[in-house]
$ cat structure-v6.txt   # compact mmCIF, C-alpha atoms
# COMPACT_ATOMS: atom_id res chain seq x y z
CA MET A 23 -15.11 -10.58 -4.09
CA THR A 24 -14.95 -9.15 -0.61
CA ARG A 25 -13.78 -5.68 0.29
CA LEU A 26 -10.46 -7.02 1.54
CA ARG A 27 -9.97 -9.02 -1.62
CA ASP A 28 -10.68 -5.87 -3.65
CA ALA A 29 -8.25 -3.87 -1.54
CA LEU A 30 -5.48 -6.40 -1.90
CA ASN A 31 -6.12 -6.71 -5.61
CA GLY A 32 -5.60 -2.96 -5.74
CA ILE A 33 -2.36 -3.34 -3.83
CA ALA A 34 -1.18 -5.92 -6.31
CA GLU A 35 -2.09 -3.74 -9.28
CA GLU A 36 -0.07 -0.87 -7.87
CA ALA A 37 2.93 -3.05 -7.09
CA PRO A 38 5.66 -4.19 -9.49
CA PRO A 39 5.14 -7.68 -10.95
CA VAL A 40 6.54 -10.41 -8.72
CA ASN A 41 6.42 -14.18 -8.72
CA LEU A 42 3.95 -15.21 -6.03
CA ALA A 43 3.42 -18.79 -7.14
CA ASP A 44 5.01 -20.13 -3.98
CA LEU A 45 2.48 -18.17 -1.94
CA ALA A 46 -0.58 -20.00 -3.22
CA VAL A 47 -2.74 -21.18 -0.36
CA ALA A 48 -5.74 -23.36 -1.02
CA GLY A 49 -8.61 -24.31 1.21
CA TYR A 50 -8.74 -21.28 3.49
CA ARG A 51 -12.33 -20.54 4.39
CA ARG A 52 -13.98 -17.19 4.84
CA ARG A 53 -15.12 -16.47 8.40
CA ARG A 54 -13.92 -11.65 10.86
CA ARG A 55 -12.79 -12.69 11.17
CA ALA A 56 -11.13 -14.50 9.01
CA SER A 57 -10.24 -16.76 6.19
CA ALA A 58 -7.72 -16.34 3.55
CA THR A 59 -7.10 -17.60 0.09
CA LEU A 60 -4.03 -16.36 -1.66
CA ALA A 61 -3.71 -17.17 -5.36
CA ALA A 62 -0.82 -16.06 -7.46
CA ALA A 63 0.55 -15.20 -10.83
CA ALA A 64 1.73 -11.66 -10.39
CA THR A 65 -1.54 -10.51 -8.82
CA ILE A 66 -2.86 -11.05 -5.32
CA ALA A 67 -6.34 -12.07 -4.37
CA VAL A 68 -6.77 -12.66 -0.70
CA LEU A 69 -8.93 -13.24 2.20
CA ALA A 70 -12.17 -12.65 3.65
CA GLY A 71 -12.78 -11.42 7.27
CA VAL A 72 -11.89 -12.20 10.86
CA THR A 73 -13.22 -14.72 13.12
CA ALA A 74 -13.62 -14.73 16.73
CA THR A 75 -13.62 -17.30 19.48
CA VAL A 76 -14.83 -18.00 23.00
CA LEU A 77 -13.14 -16.87 26.19
CA VAL A 78 -12.19 -20.07 27.99
CA ALA A 79 -9.92 -20.98 30.86
CA GLY A 80 -8.10 -23.89 29.26
CA PRO A 81 -8.01 -26.21 26.29
CA ARG A 82 -11.14 -28.12 25.49
CA ARG A 83 -12.91 -29.70 22.56
CA VAL A 84 -16.27 -28.11 21.85
CA PRO A 85 -19.01 -30.74 21.73
CA ALA A 86 -21.34 -30.44 18.78
CA ALA A 87 -23.74 -32.41 16.70
CA ALA A 88 -22.54 -33.26 13.22
CA PRO A 89 -23.31 -30.38 10.85
CA GLN A 90 -24.97 -32.81 8.42
CA ALA A 91 -27.47 -34.07 11.03
CA ALA A 92 -31.05 -34.38 9.79
CA ALA A 93 -33.40 -31.54 10.70
CA ALA A 94 -35.85 -33.99 12.27
CA ALA A 95 -33.22 -34.98 14.81
CA VAL A 96 -32.47 -31.39 15.88
CA PRO A 97 -35.05 -29.45 17.93
CA VAL A 98 -36.06 -25.89 17.16
CA LEU A 99 -34.58 -23.29 19.52
CA PRO A 100 -37.15 -23.02 22.33
CA ALA A 101 -38.30 -19.89 24.08
CA GLY A 102 -36.81 -19.14 27.46
CA LYS A 103 -33.44 -19.88 29.02
CA VAL A 104 -30.98 -21.95 27.00
CA GLY A 105 -27.52 -20.99 28.21
CA THR A 106 -24.50 -19.38 26.59
CA LEU A 107 -23.49 -20.51 23.13
CA SER A 108 -20.29 -22.18 22.09
CA HIS A 109 -20.79 -21.41 18.40
CA ALA A 110 -23.26 -21.26 15.53
CA TYR A 111 -23.11 -22.78 12.10
CA ARG A 112 -24.97 -22.59 8.83
CA GLN A 113 -26.27 -25.96 7.72
CA SER A 114 -25.09 -27.35 4.39
CA CYS A 115 -26.92 -30.17 2.69
CA LEU A 116 -24.26 -30.78 0.07
CA PRO A 117 -23.32 -34.41 0.72
CA PRO A 118 -19.85 -35.88 0.41
CA ARG A 119 -19.13 -37.49 -2.96
CA GLY A 120 -20.94 -40.78 -3.33
CA LYS A 121 -23.38 -40.07 -0.47
CA SER A 122 -26.85 -38.60 -0.29
CA ALA A 123 -27.96 -35.60 1.75
CA PRO A 124 -29.48 -36.46 5.14
CA PRO A 125 -33.30 -36.64 5.15
CA GLY A 126 -35.01 -33.44 6.20
CA CYS A 127 -31.87 -31.32 5.80
CA VAL A 128 -32.64 -27.63 5.35
CA ASP A 129 -29.80 -26.12 3.35
CA GLY A 130 -28.62 -22.73 4.62
CA GLU A 131 -30.46 -22.97 7.94
CA TRP A 132 -28.71 -21.54 11.00
CA ARG A 133 -28.08 -23.70 14.03
CA VAL A 134 -26.65 -22.83 17.44
CA VAL A 135 -24.73 -25.03 19.86
CA THR A 136 -24.73 -24.45 23.62
CA GLY A 137 -21.75 -24.87 25.90
CA ASP A 138 -22.91 -28.36 26.86
CA GLY A 139 -23.18 -29.42 23.22
CA THR A 140 -26.95 -29.16 22.66
CA THR A 141 -27.77 -28.16 19.09
CA TYR A 142 -30.86 -26.18 18.06
CA ARG A 143 -32.29 -25.16 14.71
CA VAL A 144 -33.07 -21.45 14.26
CA PRO A 145 -35.47 -21.39 11.29
CA GLN A 146 -36.49 -17.78 11.92
CA ALA A 147 -32.92 -16.59 11.25
CA LEU A 148 -32.59 -15.89 7.54
CA GLY A 149 -29.70 -17.91 6.15
CA THR A 150 -29.82 -17.12 2.45
CA THR A 151 -31.34 -14.29 0.43
CA ALA A 152 -33.40 -14.66 -2.74
CA ARG A 153 -30.16 -13.93 -4.64
CA ASN A 154 -28.49 -16.82 -2.80
CA ASP A 155 -26.30 -14.47 -0.74
CA ARG A 156 -25.50 -15.79 2.71
CA VAL A 157 -26.86 -13.84 5.68
CA PRO A 158 -24.66 -13.60 8.80
CA VAL A 159 -25.38 -14.07 12.49
CA ALA A 160 -23.23 -12.86 15.38
CA LEU A 161 -22.46 -13.88 18.96
CA SER A 162 -21.26 -11.65 21.76
CA ARG A 163 -17.81 -12.21 23.21
CA ASP A 164 -19.17 -14.33 26.08
CA GLY A 165 -21.61 -16.26 23.89
CA ARG A 166 -24.61 -14.84 25.74
CA MET A 167 -26.07 -12.62 23.01
CA PHE A 168 -27.18 -14.08 19.70
CA ALA A 169 -27.99 -11.67 16.86
CA TYR A 170 -29.61 -12.57 13.56
CA TYR A 171 -31.84 -11.20 10.82
CA ASP A 172 -35.48 -12.23 11.22
CA LYS A 173 -37.04 -12.71 7.83
CA ASP A 174 -40.58 -12.14 9.12
CA ALA A 175 -39.79 -9.05 11.20
CA GLY A 176 -37.65 -7.50 8.47
CA ALA A 177 -35.17 -6.48 11.15
CA HIS A 178 -32.38 -7.80 13.31
CA VAL A 179 -33.16 -9.59 16.56
CA VAL A 180 -30.92 -9.94 19.60
CA ARG A 181 -31.66 -12.75 22.02
CA ASP A 182 -30.20 -13.10 25.49
CA MET A 183 -29.53 -16.84 25.64
CA VAL A 184 -29.29 -16.82 29.45
CA THR A 185 -32.61 -15.11 30.20
CA GLY A 186 -34.42 -15.89 26.97
CA ALA A 187 -35.36 -12.25 26.42
CA GLU A 188 -35.54 -11.12 22.79
CA THR A 189 -35.30 -7.60 21.40
CA VAL A 190 -36.50 -6.94 17.87
CA SER A 191 -34.73 -3.91 16.48
CA ALA A 192 -37.01 -0.99 15.71
CA ALA A 193 -34.69 -0.16 12.81
CA LYS A 194 -36.04 -2.01 9.81
CA VAL A 195 -33.54 -3.30 7.24
CA ALA A 196 -34.89 -4.32 3.85
CA ALA A 197 -33.88 -7.84 2.84
CA GLU A 198 -32.58 -6.34 -0.41
CA ARG A 199 -29.79 -4.69 1.59
CA LEU A 200 -28.40 -8.06 2.62
CA GLY A 201 -25.72 -8.53 0.00
CA MET A 202 -22.77 -10.76 -0.69
CA GLY A 203 -20.32 -10.81 2.20
CA SER A 204 -22.56 -8.87 4.59
CA MET A 205 -21.20 -8.71 8.15
CA LEU A 206 -22.65 -8.35 11.63
CA VAL A 207 -21.27 -7.74 15.13
CA VAL A 208 -23.10 -7.47 18.45
CA SER A 209 -22.07 -5.81 21.70
CA ASP A 210 -21.72 -7.82 24.90
CA ASP A 211 -24.84 -6.21 26.39
CA GLY A 212 -26.80 -6.90 23.21
CA ARG A 213 -27.81 -3.29 22.77
CA HIS A 214 -25.78 -2.39 19.70
CA LEU A 215 -25.18 -3.99 16.33
CA VAL A 216 -22.94 -3.02 13.47
CA PHE A 217 -24.29 -4.18 10.14
CA ASP A 218 -22.25 -4.04 6.93
CA PRO A 219 -24.63 -4.73 4.04
CA ARG A 220 -22.18 -5.71 1.34
CA GLU A 221 -18.42 -6.09 1.28
CA GLY A 222 -16.51 -4.78 -1.69
CA THR A 223 -18.76 -1.76 -2.16
CA LYS A 224 -19.09 1.71 -0.68
CA ASP A 225 -22.60 1.00 0.50
CA PRO A 226 -22.65 2.50 4.01
CA GLY A 227 -23.30 0.29 7.00
CA LEU A 228 -25.35 0.92 10.10
CA LEU A 229 -24.62 1.05 13.80
CA ILE A 230 -27.98 0.16 15.35
CA ASP A 231 -29.31 0.72 18.85
CA VAL A 232 -31.76 -2.17 18.97
CA ARG A 233 -33.55 -0.76 22.01
CA THR A 234 -34.40 2.61 20.52
CA GLY A 235 -34.06 1.96 16.80
CA ALA A 236 -31.61 4.84 16.48
CA THR A 237 -29.00 4.36 13.76
CA VAL A 238 -25.65 5.91 12.89
CA SER A 239 -24.26 5.58 9.38
CA VAL A 240 -20.94 3.75 9.02
CA PRO A 241 -18.76 4.85 6.08
CA GLY A 242 -18.89 2.19 3.40
CA VAL A 243 -15.12 1.96 3.07
CA TYR A 244 -14.94 0.40 6.54
CA GLU A 245 -15.94 -3.04 7.74
CA PRO A 246 -16.53 -4.04 11.38
CA VAL A 247 -13.99 -5.85 13.52
CA ALA A 248 -15.68 -5.72 16.92
CA ILE A 249 -17.84 -3.61 19.19
CA LYS A 250 -17.32 -3.31 22.94
CA ASP A 251 -17.44 -0.72 25.71
CA GLY A 252 -19.61 1.54 23.57
CA VAL A 253 -17.12 1.77 20.70
CA ALA A 254 -17.14 0.05 17.31
CA GLU A 255 -13.81 -0.94 15.80
CA LEU A 256 -13.80 -0.54 12.02
CA VAL A 257 -11.07 -1.23 9.48
CA ARG A 258 -10.33 0.18 6.05
CA TYR A 259 -7.95 -2.00 4.11
CA ARG A 260 -5.20 -0.98 1.70
CA LYS A 261 -4.37 2.29 3.48
CA THR A 262 -4.56 0.81 6.31
CA ASP A 263 -6.84 2.70 8.74
CA LEU A 264 -8.59 1.79 11.96
CA LEU A 265 -11.56 3.85 13.11
CA PHE A 266 -12.83 3.61 16.67
CA MET A 267 -16.33 5.03 16.41
CA PRO A 268 -18.42 5.68 19.54
CA VAL A 269 -21.97 4.36 19.28
CA ALA A 270 -23.17 7.96 19.02
CA GLY A 271 -20.93 8.51 15.99
CA GLY A 272 -17.69 10.39 15.39
CA GLY A 273 -14.15 9.27 16.06
CA ARG A 274 -10.95 9.78 14.09
CA PRO A 275 -9.10 7.06 12.16
CA VAL A 276 -5.49 6.13 12.76
CA ARG A 277 -3.25 5.44 9.76
CA PHE A 278 -0.64 2.71 9.95
CA ASP A 279 2.63 2.69 8.05
CA GLY A 280 2.09 -0.40 5.96
CA VAL A 281 -0.68 -2.78 4.95
CA PHE A 282 -2.15 -4.97 7.69
CA ILE A 283 -4.87 -7.60 7.79
CA MET A 284 -6.54 -9.87 10.38
CA PHE A 285 -7.02 -7.25 13.09
CA SER A 286 -7.80 -8.19 16.67
CA GLU A 287 -10.13 -6.28 18.92
CA LEU A 288 -8.59 -3.54 21.06
CA ALA A 289 -6.38 -4.95 23.81
CA PRO A 290 -7.22 -4.49 27.51
CA ASP A 291 -4.61 -1.71 27.64
CA GLY A 292 -7.00 0.40 25.54
CA ARG A 293 -4.28 1.15 23.03
CA THR A 294 -2.93 -1.94 21.24
CA VAL A 295 -4.21 -4.16 18.47
CA ALA A 296 -2.66 -7.22 16.88
CA ALA A 297 -2.55 -7.83 13.12
CA PHE A 298 -0.47 -9.39 10.37
CA GLU A 299 1.46 -7.30 7.89
CA PHE A 300 0.77 -7.84 4.21
CA PRO A 301 3.72 -6.21 2.43
CA PRO A 302 2.77 -5.35 -1.17
CA GLY A 303 5.20 -5.54 -4.02
CA LYS A 304 7.80 -7.53 -2.16
CA LYS A 305 9.08 -11.02 -2.84
CA VAL A 306 8.17 -12.12 0.64
CA PRO A 307 5.04 -13.92 1.87
CA PRO A 308 2.40 -12.19 4.00
CA GLU A 309 3.32 -12.47 7.64
CA TYR A 310 0.38 -14.67 8.57
CA MET A 311 2.14 -17.30 6.45
CA THR A 312 5.43 -16.82 8.26
CA ARG A 313 3.61 -16.65 11.63
CA ARG A 314 4.99 -13.25 12.53
CA LEU A 315 2.49 -11.16 14.48
CA THR A 316 2.59 -7.36 14.69
CA LEU A 317 1.43 -5.23 17.62
CA LEU A 318 0.24 -1.76 16.62
CA ASP A 319 -0.28 1.40 18.64
CA THR A 320 -3.73 2.76 17.81
CA ARG A 321 -2.90 6.28 19.00
CA THR A 322 0.28 6.86 17.05
CA GLY A 323 -0.03 4.28 14.27
CA ARG A 324 3.44 2.97 15.08
CA THR A 325 4.55 -0.63 15.30
CA VAL A 326 5.09 -1.64 18.92
CA ARG A 327 6.80 -4.96 18.18
CA LYS A 328 6.77 -8.02 15.99
CA VAL A 329 6.75 -11.48 17.52
CA SER A 330 7.13 -14.92 15.97
CA VAL A 331 4.34 -17.29 16.95
CA LYS A 332 5.59 -20.57 18.39
CA GLY A 333 3.77 -23.78 19.20
CA LEU A 334 1.23 -24.10 16.37
CA PRO A 335 0.88 -27.38 14.47
CA LYS A 336 3.18 -27.48 11.45
CA ARG A 337 0.43 -27.43 8.85
CA ALA A 338 -1.92 -25.06 10.63
CA GLY A 339 -3.23 -22.21 8.48
CA ILE A 340 -3.82 -18.93 10.34
CA ASP A 341 -7.31 -17.46 9.97
CA GLY A 342 -7.10 -14.35 12.11
CA THR A 343 -6.55 -12.59 15.42
CA THR A 344 -9.61 -11.84 17.51
CA ILE A 345 -10.33 -11.35 21.21
CA TRP A 346 -7.81 -10.99 24.04
CA GLN A 347 -7.71 -13.80 26.59
CA SER A 348 -5.72 -11.63 29.02
CA PRO A 349 -3.71 -8.39 28.89
CA SER A 350 -0.84 -10.32 27.33
CA GLU A 351 -2.60 -13.01 25.26
CA VAL A 352 -4.50 -12.51 22.02
CA THR A 353 -6.58 -15.23 20.40
CA LEU A 354 -5.41 -16.69 17.12
CA THR A 355 -7.78 -18.86 15.11
CA VAL A 356 -6.28 -21.48 12.83
CA GLU A 357 -7.36 -24.26 10.49
CA VAL A 358 -5.87 -27.67 11.20
CA GLY A 359 -7.03 -30.26 8.71
CA ASN A 360 -10.81 -30.11 8.73
CA SER A 361 -11.15 -28.47 12.14
CA THR A 362 -10.82 -25.00 13.62
CA ARG A 363 -8.73 -24.29 16.70
CA ALA A 364 -8.22 -21.27 18.91
CA TYR A 365 -4.85 -20.51 20.48
CA ALA A 366 -3.91 -17.87 23.03
CA VAL A 367 -0.66 -16.24 21.90
CA ASP A 368 1.54 -14.43 24.40
CA VAL A 369 2.42 -11.20 22.60
CA ARG A 370 5.64 -10.89 24.62
CA THR A 371 7.09 -14.32 23.84
CA GLY A 372 5.03 -15.58 20.90
CA ARG A 373 4.24 -18.80 22.76
CA ALA A 374 0.85 -20.27 21.75
CA ARG A 375 -1.38 -22.49 23.90
CA LEU A 376 -4.53 -24.29 22.76
CA VAL A 377 -7.74 -22.97 24.31
CA ASN A 378 -10.44 -24.41 22.07
CA SER A 379 -10.94 -26.97 19.34
CA TYR A 380 -14.05 -26.94 17.17
CA PRO A 381 -15.31 -29.85 15.10
CA GLY A 382 -14.76 -29.92 11.38
CA GLY A 383 -17.15 -30.34 8.51
CA PHE A 384 -18.75 -26.92 8.65
CA ARG A 385 -17.58 -25.95 5.16
CA GLY A 386 -16.47 -22.48 6.21
CA GLN A 387 -19.75 -21.58 7.88
CA LEU A 388 -18.74 -21.62 11.55
CA VAL A 389 -19.40 -18.54 13.72
CA MET A 390 -17.64 -18.16 17.06
CA PRO A 391 -18.28 -15.56 19.76
CA GLY A 392 -16.51 -12.24 19.78
CA ALA A 393 -16.21 -10.45 16.46
CA ALA A 394 -17.71 -9.97 13.04
CA GLY A 395 -20.03 -12.67 11.76
CA GLY A 396 -19.85 -12.81 7.98
CA LEU A 397 -19.61 -15.30 5.17
$ encode --input "structure-v6.txt" --output "structure tokens"
Amino acid sequence: MTRLRDALNGIAEEAPPVNLADLAVAGYRRRRRASATLAAAATIAVLAGVTATVLVAGPRRVPAAAPQAAAAAVPVLPAGKVGTLSHAYRQSCLPPRGKSAPPGCVDGEWRVVTGDGTTYRVPQALGTTARNDRVPVALSRDGRMFAYYDKDAGAHVVRDMVTGAETVSAAKVAAERLGMGSMLVVSDDGRHLVFDPREGTKDPGLLIDVRTGATVSVPGVYEPVAIKDGVAELVRYRKTDLLFMPVAGGGRPVRFDGVFIMFSELAPDGRTVAAFEFPPGKKVPPEYMTRRLTLLDTRTGRTVRKVSVKGLPKRAGIDGTTIWQSPSEVTLTVEVGNSTRAYAVDVRTGRARLVNSYPGGFRGQLVMPGAAGGL
């Protein structure tokens, strides 16, 4: 169970019994963020985190090697300049029914894909703990910075994919702290990380300055959404609160009137975030299912407006809101069949336009630039 699932279970327990059978959603994958699975029978169990995507100028299909490709056919990430990343994925060797796993497949190994479609193995990035918990990686909003946990160093590493420079964090993190649903975000300059060791617990996280090794404790009730411009965006579900914490610590949370999920990063106006309302105890579906997006004022906690999203495929399942493409367009990630797509949604009109399409077959283990990496 993730922290958000726990929170929404709590919401359900506090709410009067209702028939939610029609709200059942199968096949949503966990990714900041953000996958959702809603099962019903008078209680709610929902969702994992929020995903993020790449800033792009127009629609395109991201080239990538098949996630089941044999390890022998994929080179190890070399030292030096590689170029910005389109996405990363965690390799799965579980073959389709009736087929065998590809030869040389390393289950749980992280791979990265550049903007031109070149795929590299990253064997030094820990993919799975001894307890079989998945270990996250993170990409900066522009795909330049790649952050991961190095199993030999016992610490997080940030690599600049354009220059090839690597920084090993001086702040050691014991592998035992990497728990189920751990999350990771990296700043655009690669200097700061926010690490959440285990969702669904009050185990505090860390905001890490990888250059100095200095750390600031993150209250365990929060999980990271994004970090940019020297401020980490953190969410506490159920209440719902957002905390904008400077990298030096501090900050005051804002309380919203209602329950919201799938938060975006802070808009370019420095004040607005996008989210979907999850009304507890009501015989109505969560608004990500009805495609009704809410804009929230992070200074007052008030709702700015609600807008109906138009232009998505009929059977698309919404995963989350992430980065802003422009002052008026927020990115929405959706699942369409076996693939993931990113749409820019105009928060004034609700009109959606396709900006990216990622290949399918990643079994919920796709990481895109811009927000929390977690599984």
$ atom_distance --input "structure-v6.txt" --atom1 "atom CA of A:Val190" --atom2 "atom CA of A:Gly149"
17.4 Å
$ atom_distance --input "structure-v6.txt" --atom1 "atom CA of A:Val98" --atom2 "atom CA of A:Leu161"
18.2 Å
$ residues_around --input "structure-v6.txt" --residues "stretch 315-323 of chain A" --least-positions-apart "4" --cutoff "6 Å" --atoms "only C-alpha atoms" --output "VMD selection string"
chain A and resid 276 to 278 293 to 298 327 to 329
$ residues_around --input "structure-v6.txt" --residues "A:Gln347" --least-positions-apart "3" --cutoff "7 Å" --atoms "all atoms listed in the file" --output "list in words"
Leu77, Glu351, Val352, Thr353 and Ala366 of chain A
$ write_last_selection --input "structure-v6.txt" --atoms "C-alpha atoms" --output "PDB file, in the frame of the given file"
ATOM      1  CA  LEU A  77     -13.140 -16.870  26.190  1.00  0.00           C
ATOM      2  CA  GLU A 351      -2.600 -13.010  25.260  1.00  0.00           C
ATOM      3  CA  VAL A 352      -4.500 -12.510  22.020  1.00  0.00           C
ATOM      4  CA  THR A 353      -6.580 -15.230  20.400  1.00  0.00           C
ATOM      5  CA  ALA A 366      -3.910 -17.870  23.030  1.00  0.00           C
TER       6      ALA A 366
END
$ closest_residue --input "structure-v6.txt" --among "A:Tyr380, A:Phe285, A:Trp346, A:Trp132" --to "A:Ser361" --atoms "all atoms listed in the file"
A:Tyr380
$ atom_distance --input "structure-v6.txt" --atom1 "atom CA of A:Gly272" --atom2 "atom CA of A:Asp210"
20.9 Å
$ closest_residue --input "structure-v6.txt" --among "A:Arg199, A:Lys305, A:Arg181, A:Lys103" --to "A:Asp218" --atoms "all atoms listed in the file"
A:Arg199
$ closest_residue --input "structure-v6.txt" --among "A:Gly280, A:Pro307, A:Gly342, A:Gly359" --to "A:Arg324" --atoms "only C-alpha atoms"
A:Gly280
$ build_atoms --input "structure-v6.txt" --residues "stretch 208-228 of chain A" --atoms "N, CA and C atoms" --output "mmCIF file, in the coordinates of the input"
data_model
loop_
_atom_site.group_PDB
_atom_site.id
_atom_site.type_symbol
_atom_site.label_atom_id
_atom_site.label_comp_id
_atom_site.auth_asym_id
_atom_site.auth_seq_id
_atom_site.Cartn_x
_atom_site.Cartn_y
_atom_site.Cartn_z
ATOM 1 N N VAL A 208 -22.192 -7.825 17.371
ATOM 2 C CA VAL A 208 -23.100 -7.470 18.450
ATOM 3 C C VAL A 208 -22.291 -7.165 19.701
ATOM 4 N N SER A 209 -22.745 -6.181 20.456
ATOM 5 C CA SER A 209 -22.070 -5.810 21.700
ATOM 6 C C SER A 209 -22.375 -6.831 22.788
ATOM 7 N N ASP A 210 -21.555 -6.839 23.828
ATOM 8 C CA ASP A 210 -21.720 -7.820 24.900
ATOM 9 C C ASP A 210 -23.035 -7.652 25.660
ATOM 10 N N ASP A 211 -23.562 -6.418 25.710
ATOM 11 C CA ASP A 211 -24.840 -6.210 26.390
ATOM 12 C C ASP A 211 -26.026 -6.394 25.455
ATOM 13 N N GLY A 212 -25.747 -6.657 24.180
ATOM 14 C CA GLY A 212 -26.800 -6.900 23.210
ATOM 15 C C GLY A 212 -27.513 -5.669 22.715
ATOM 16 N N ARG A 213 -27.085 -4.506 23.143
ATOM 17 C CA ARG A 213 -27.810 -3.290 22.770
ATOM 18 C C ARG A 213 -27.466 -2.794 21.369
ATOM 19 N N HIS A 214 -26.221 -2.976 20.964
ATOM 20 C CA HIS A 214 -25.780 -2.390 19.700
ATOM 21 C C HIS A 214 -25.324 -3.446 18.702
ATOM 22 N N LEU A 215 -25.638 -3.176 17.454
ATOM 23 C CA LEU A 215 -25.180 -3.990 16.330
ATOM 24 C C LEU A 215 -24.460 -3.095 15.346
ATOM 25 N N VAL A 216 -23.486 -3.678 14.649
ATOM 26 C CA VAL A 216 -22.940 -3.020 13.470
ATOM 27 C C VAL A 216 -23.196 -3.945 12.296
ATOM 28 N N PHE A 217 -23.886 -3.411 11.307
ATOM 29 C CA PHE A 217 -24.290 -4.180 10.140
ATOM 30 C C PHE A 217 -23.627 -3.592 8.901
ATOM 31 N N ASP A 218 -22.874 -4.428 8.197
ATOM 32 C CA ASP A 218 -22.250 -4.040 6.930
ATOM 33 C C ASP A 218 -23.006 -4.768 5.837
ATOM 34 N N PRO A 219 -23.739 -4.061 4.977
ATOM 35 C CA PRO A 219 -24.630 -4.730 4.040
ATOM 36 C C PRO A 219 -23.965 -5.503 2.920
ATOM 37 N N ARG A 220 -22.790 -5.048 2.494
ATOM 38 C CA ARG A 220 -22.180 -5.710 1.340
ATOM 39 C C ARG A 220 -20.703 -5.345 1.265
ATOM 40 N N GLU A 221 -19.850 -6.351 1.409
ATOM 41 C CA GLU A 221 -18.420 -6.090 1.280
ATOM 42 C C GLU A 221 -18.058 -5.828 -0.173
ATOM 43 N N GLY A 222 -16.979 -5.060 -0.344
ATOM 44 C CA GLY A 222 -16.510 -4.780 -1.690
ATOM 45 C C GLY A 222 -17.216 -3.634 -2.357
ATOM 46 N N THR A 223 -18.069 -2.925 -1.617
ATOM 47 C CA THR A 223 -18.760 -1.760 -2.160
ATOM 48 C C THR A 223 -18.623 -0.610 -1.173
ATOM 49 N N LYS A 224 -19.087 0.558 -1.563
ATOM 50 C CA LYS A 224 -19.090 1.710 -0.680
ATOM 51 C C LYS A 224 -20.461 1.946 -0.066
ATOM 52 N N ASP A 225 -21.290 0.932 -0.119
ATOM 53 C CA ASP A 225 -22.600 1.000 0.500
ATOM 54 C C ASP A 225 -22.419 1.171 2.003
ATOM 55 N N PRO A 226 -22.886 2.270 2.588
ATOM 56 C CA PRO A 226 -22.650 2.500 4.010
ATOM 57 C C PRO A 226 -23.346 1.464 4.889
ATOM 58 N N GLY A 227 -22.714 1.185 6.026
ATOM 59 C CA GLY A 227 -23.300 0.290 7.000
ATOM 60 C C GLY A 227 -24.098 1.045 8.031
ATOM 61 N N LEU A 228 -24.557 0.317 9.038
ATOM 62 C CA LEU A 228 -25.350 0.920 10.100
ATOM 63 C C LEU A 228 -24.865 0.459 11.459
#
